[in-house]
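Comments concern the structure below.
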Amino acid sequence: MGLELYLDLLSQPCRAIYIFAKKNGIPFELRTVDLIKGQHLSDAFSQVNPLKKVPALKDGDFTLSESVAILLYLTHKYKVPDHWYPQDLQARARVDEYLAWQHTTLRRSCLRALWHKVMFPVFLGEPVSPQTLAATLAELDVNVQLLEDKFLQNKAFLAGPHISLADLVAITELMHPVGAGCQVFKGRPKLAAWRNRVEAAVGEDLFQEAHEIILKAKDFPPADPTTKQKLMPRVLAMIQ
């Protein structure tokens, strides 16, 4: 069996891996794990990833979890163009710096924005107080500004003149609040221009394909009671 990727394009790191593999012509078998239905919590999937999270990779008898680890594995195995994860020490360090920063900052803010603005009230039928939503969106604003001021600055891409893993991870995160109706690029012409460059670099069709699900998040049907009961503890832990 060749390379298998266990993904749900509702998930932002899954989108990054999907775009990266498709863009670089990496052959893989897509194994869709439906998060909305709780398939990641099944005993069958736990045989692939005991953490019960997507993304996950299976390459023969080798399995791997965690999105950054998967991206780096694909980068090294398939010898993709250097700009994705540069050989130059300092250029690579810039990519590593962003990947280390984003886990507990931009990713958390984007995830909370989606759940507090859309997924809790629409999908789970749980109200979110105006105060909680306001605090979440304020936190998102702070981290988006940090992305622009600290990491993008006046460069074409986050780590320099060419697209890298850092840009791919960042843009897929930002599309979470976009899917919730947040205007994260409004009033930020520098960041909006960066988004356009990233989309052009990966290809508009591939970009839209990867984000089709998240851009329809507001149209998700309500969860049934059994699914809600199964998902709620995991969701609450995830967005803390």
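Letters for chains follow the order of the structure tokens (A, B, ...), residue numbers begin at 1 for each chain, and ligand numbers begin at 1 in the order shown.
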Inset, instruction - List the neighbours of segment 3-12 of chain A out to 7 Å using only C-alpha atoms; skip same-chain residues closer than 6 positions along the sequence, and give me the result as a PyMOL selection string. - result: chain A and resi 28-35+54-60+172-173+210+213-214
For the selection just defined, write its residues with C-alpha atoms to a file, as a PDB file, in the first residue's frame.
ATOM      1  CA  PHE A  28      -1.553   9.563  -2.177  1.00  0.00           C
ATOM      2  CA  GLU A  29      -4.786   7.802  -1.332  1.00  0.00           C
ATOM      3  CA  LEU A  30      -7.226  10.133   0.398  1.00  0.00           C
ATOM      4  CA  ARG A  31      -8.917   8.542   3.410  1.00  0.00           C
ATOM      5  CA  THR A  32     -11.660  10.952   4.455  1.00  0.00           C
ATOM      6  CA  VAL A  33     -12.384  11.049   8.187  1.00  0.00           C
ATOM      7  CA  ASP A  34     -15.651  12.921   8.754  1.00  0.00           C
ATOM      8  CA  LEU A  35     -15.157  15.099  11.832  1.00  0.00           C
ATOM      9  CA  VAL A  54      -6.646  14.354  11.931  1.00  0.00           C
ATOM     10  CA  PRO A  55      -4.482  14.687   9.986  1.00  0.00           C
ATOM     11  CA  ALA A  56      -2.739  11.330  10.035  1.00  0.00           C
ATOM     12  CA  LEU A  57      -0.390   9.659   7.582  1.00  0.00           C
ATOM     13  CA  LYS A  58       0.197   6.014   6.798  1.00  0.00           C
ATOM     14  CA  ASP A  59       3.095   5.029   4.559  1.00  0.00           C
ATOM     15  CA  GLY A  60       3.239   1.256   4.420  1.00  0.00           C
ATOM     16  CA  THR A 172      -5.382  27.688   5.871  1.00  0.00           C
ATOM     17  CA  GLU A 173      -5.748  28.904   9.448  1.00  0.00           C
ATOM     18  CA  ALA A 210      -9.448  22.790  -0.515  1.00  0.00           C
ATOM     19  CA  ILE A 213     -16.192  22.927   2.813  1.00  0.00           C
ATOM     20  CA  ILE A 214     -15.076  25.600   5.276  1.00  0.00           C
TER      21      ILE A 214
END
Legend entry - Those of segment 30-232 of chain A in DSSP alpha helix (DSSP H), formatted as a PyMOL selection string: chain A and resi 43-46+67-78+89-102+106-114+130-146+165-179+189-202+204-211+225-232
Inset, instruction - May I ask for the distance between atom CA of Trp194 of chain A and atom CA of Leu174 of chain A, given in Å to one decimal place? - result: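 Computed distance, atom CA of Trp194 of chain A to atom CA of Leu174 of chain A, equals 12.0 Å.
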Legend entry - Nearest-residue call for Leu140 of chain A, choices A:His176, A:His162, A:Leu168, A:Asp43, using only C-alpha atoms: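 Using only C-alpha atoms, Leu140 of chain A sits closest to A:His176.
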Inset, instruction - Check the smallest atom-to-atom distance from each of A:Val95, A:Thr227, A:His116, A:Pro177 to Leu215 of chain A using only C-alpha atoms, then report the winner. - result: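 Smallest separation from Leu215 of chain A among the options: A:Pro177.
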Inset, instruction - With a distance cut-off of 12 Å and only C-alpha atoms, select the neighbouring residues of Gly160 of chain A, excluding the residue or stretch itself and same-chain residues fewer than 5 positions from it, and output the selection as a list in words. - result: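 Once the nearby chain positions are removed, what remains is His83, Trp84, Tyr85, Pro86, Asp88, Gln90, Ala91, Arg92, Ala93, Arg94, Val95, Phe151, Leu152, Gln153, Asn154, Lys155, Leu165, Ala166, Asp167 and Trp194 of chain A.
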Inset, instruction - Calculate how many Å separate atom CA of Ala113 of chain A from atom CA of Lys23 of chain A, rounding to one decimal. - result: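 Straight-line distance from atom CA of Ala113 of chain A to atom CA of Lys23 of chain A works out to 28.2 Å.
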Inset, instruction - Quick one: pull the distance between atom CA of Pro121 of chain A and atom CA of Glu139 of chain A, Å, one decimal. - result: 19.6 Å
Legend entry - Residue neighbourhood Asn49 of chain A, 8 Å, only C-alpha atoms, exclusion window fewer than 3 positions, as a list in words: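 Neighbouring residues, sequence-local ones excluded: Phe45, Ser46, Lys52, Lys53, Ala56, Thr63, Leu64 and Ser65 of chain A.
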Legend entry - Of the listed residues A:Ala201, A:Val235, A:Ala192, A:Met119, that which approaches Phe20 of chain A most closely, counting only C-alpha atoms: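 Of A:Ala201, A:Val235, A:Ala192, A:Met119, the one nearest Phe20 of chain A, counting only C-alpha atoms, is A:Ala201.
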Inset, instruction - Excluding Cys182 of chain A and residues on its chain fewer than 2 positions from it, collect all residues at most 9 Å away from it, counting only C-alpha atoms, and give them as number ranges by chain. - result: A: 113-114, 117, 137, 176-180, 184-185
For the selection you just gave me, I'd like the residues written to a file as a PDB file, in the first residue's frame, keeping N, CA and C atoms.
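To be explicit, this is the file written out as selection.pdb:
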ATOM      1  N   ALA A 113     -12.723  31.410  16.788  1.00  0.00           N
ATOM      2  CA  ALA A 113     -13.612  32.301  16.031  1.00  0.00           C
ATOM      3  C   ALA A 113     -14.653  31.495  15.266  1.00  0.00           C
ATOM      4  N   LEU A 114     -14.217  30.416  14.615  1.00  0.00           N
ATOM      5  CA  LEU A 114     -15.160  29.583  13.870  1.00  0.00           C
ATOM      6  C   LEU A 114     -16.202  28.963  14.800  1.00  0.00           C
ATOM      7  N   LYS A 117     -18.481  31.722  16.618  1.00  0.00           N
ATOM      8  CA  LYS A 117     -19.343  32.517  15.721  1.00  0.00           C
ATOM      9  C   LYS A 117     -20.345  31.658  14.960  1.00  0.00           C
ATOM     10  N   LEU A 137     -13.098  37.472  19.154  1.00  0.00           N
ATOM     11  CA  LEU A 137     -12.764  38.232  17.956  1.00  0.00           C
ATOM     12  C   LEU A 137     -11.664  39.251  18.230  1.00  0.00           C
ATOM     13  N   HIS A 176     -10.393  29.744   8.299  1.00  0.00           N
ATOM     14  CA  HIS A 176     -11.387  29.338   9.301  1.00  0.00           C
ATOM     15  C   HIS A 176     -12.298  30.509   9.673  1.00  0.00           C
ATOM     16  N   PRO A 177     -11.755  31.635  10.159  1.00  0.00           N
ATOM     17  CA  PRO A 177     -12.642  32.765  10.457  1.00  0.00           C
ATOM     18  C   PRO A 177     -13.304  33.351   9.210  1.00  0.00           C
ATOM     19  N   VAL A 178     -12.654  33.257   8.066  1.00  0.00           N
ATOM     20  CA  VAL A 178     -13.308  33.700   6.827  1.00  0.00           C
ATOM     21  C   VAL A 178     -14.570  32.875   6.596  1.00  0.00           C
ATOM     22  N   GLY A 179     -14.472  31.578   6.828  1.00  0.00           N
ATOM     23  CA  GLY A 179     -15.637  30.714   6.687  1.00  0.00           C
ATOM     24  C   GLY A 179     -16.743  31.039   7.671  1.00  0.00           C
ATOM     25  N   ALA A 180     -16.359  31.657   8.795  1.00  0.00           N
ATOM     26  CA  ALA A 180     -17.345  32.071   9.797  1.00  0.00           C
ATOM     27  C   ALA A 180     -17.921  33.451   9.507  1.00  0.00           C
ATOM     28  N   VAL A 184     -11.267  39.170   7.979  1.00  0.00           N
ATOM     29  CA  VAL A 184      -9.918  39.307   8.541  1.00  0.00           C
ATOM     30  C   VAL A 184      -8.969  40.091   7.633  1.00  0.00           C
ATOM     31  N   PHE A 185      -9.271  40.164   6.352  1.00  0.00           N
ATOM     32  CA  PHE A 185      -8.388  40.889   5.441  1.00  0.00           C
ATOM     33  C   PHE A 185      -8.838  42.332   5.198  1.00  0.00           C
TER      34      PHE A 185
END
Legend entry - Residue contacts of Asp141 of chain A (10 Å, only C-alpha atoms) excluding same-chain residues fewer than 6 positions away, as JSON, numbers by chain: {"A": [106, 109, 110, 135, 147, 184]}
Legend entry - Nearest to Lys190 of chain A, chosen from A:Thr132, A:Ala217, A:Leu231, A:Asp149, with only C-alpha atoms counted in the distances: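 Comparing A:Thr132, A:Ala217, A:Leu231, A:Asp149 against Lys190 of chain A, the winner is A:Asp149.
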Inset, instruction - With a distance cut-off of 7 Å and only C-alpha atoms, select the neighbouring residues of Ala223 of chain A, excluding the residue or stretch itself and same-chain residues fewer than 3 positions from it, and output the selection as a list in words. - result: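 Neighbouring residues, sequence-local ones excluded: Phe123, Leu124, Thr227 and Lys228 of chain A.
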Output file for the residues above (N, CA, C and O atoms, as a PDB file, in the first residue's frame):
ATOM      1  N   PHE A 123     -24.300  24.663  14.447  1.00  0.00           N
ATOM      2  CA  PHE A 123     -24.143  23.210  14.360  1.00  0.00           C
ATOM      3  C   PHE A 123     -24.548  22.498  15.655  1.00  0.00           C
ATOM      4  O   PHE A 123     -25.260  21.493  15.627  1.00  0.00           O
ATOM      5  N   LEU A 124     -24.122  23.026  16.776  1.00  0.00           N
ATOM      6  CA  LEU A 124     -24.419  22.363  18.052  1.00  0.00           C
ATOM      7  C   LEU A 124     -25.640  22.943  18.769  1.00  0.00           C
ATOM      8  O   LEU A 124     -26.091  22.391  19.769  1.00  0.00           O
ATOM      9  N   THR A 227     -24.558  12.676  18.114  1.00  0.00           N
ATOM     10  CA  THR A 227     -23.304  13.254  17.637  1.00  0.00           C
ATOM     11  C   THR A 227     -22.884  14.413  18.529  1.00  0.00           C
ATOM     12  O   THR A 227     -21.701  14.549  18.877  1.00  0.00           O
ATOM     13  N   LYS A 228     -23.843  15.244  18.914  1.00  0.00           N
ATOM     14  CA  LYS A 228     -23.533  16.373  19.782  1.00  0.00           C
ATOM     15  C   LYS A 228     -22.934  15.902  21.104  1.00  0.00           C
ATOM     16  O   LYS A 228     -21.933  16.452  21.581  1.00  0.00           O
TER      17      LYS A 228
END
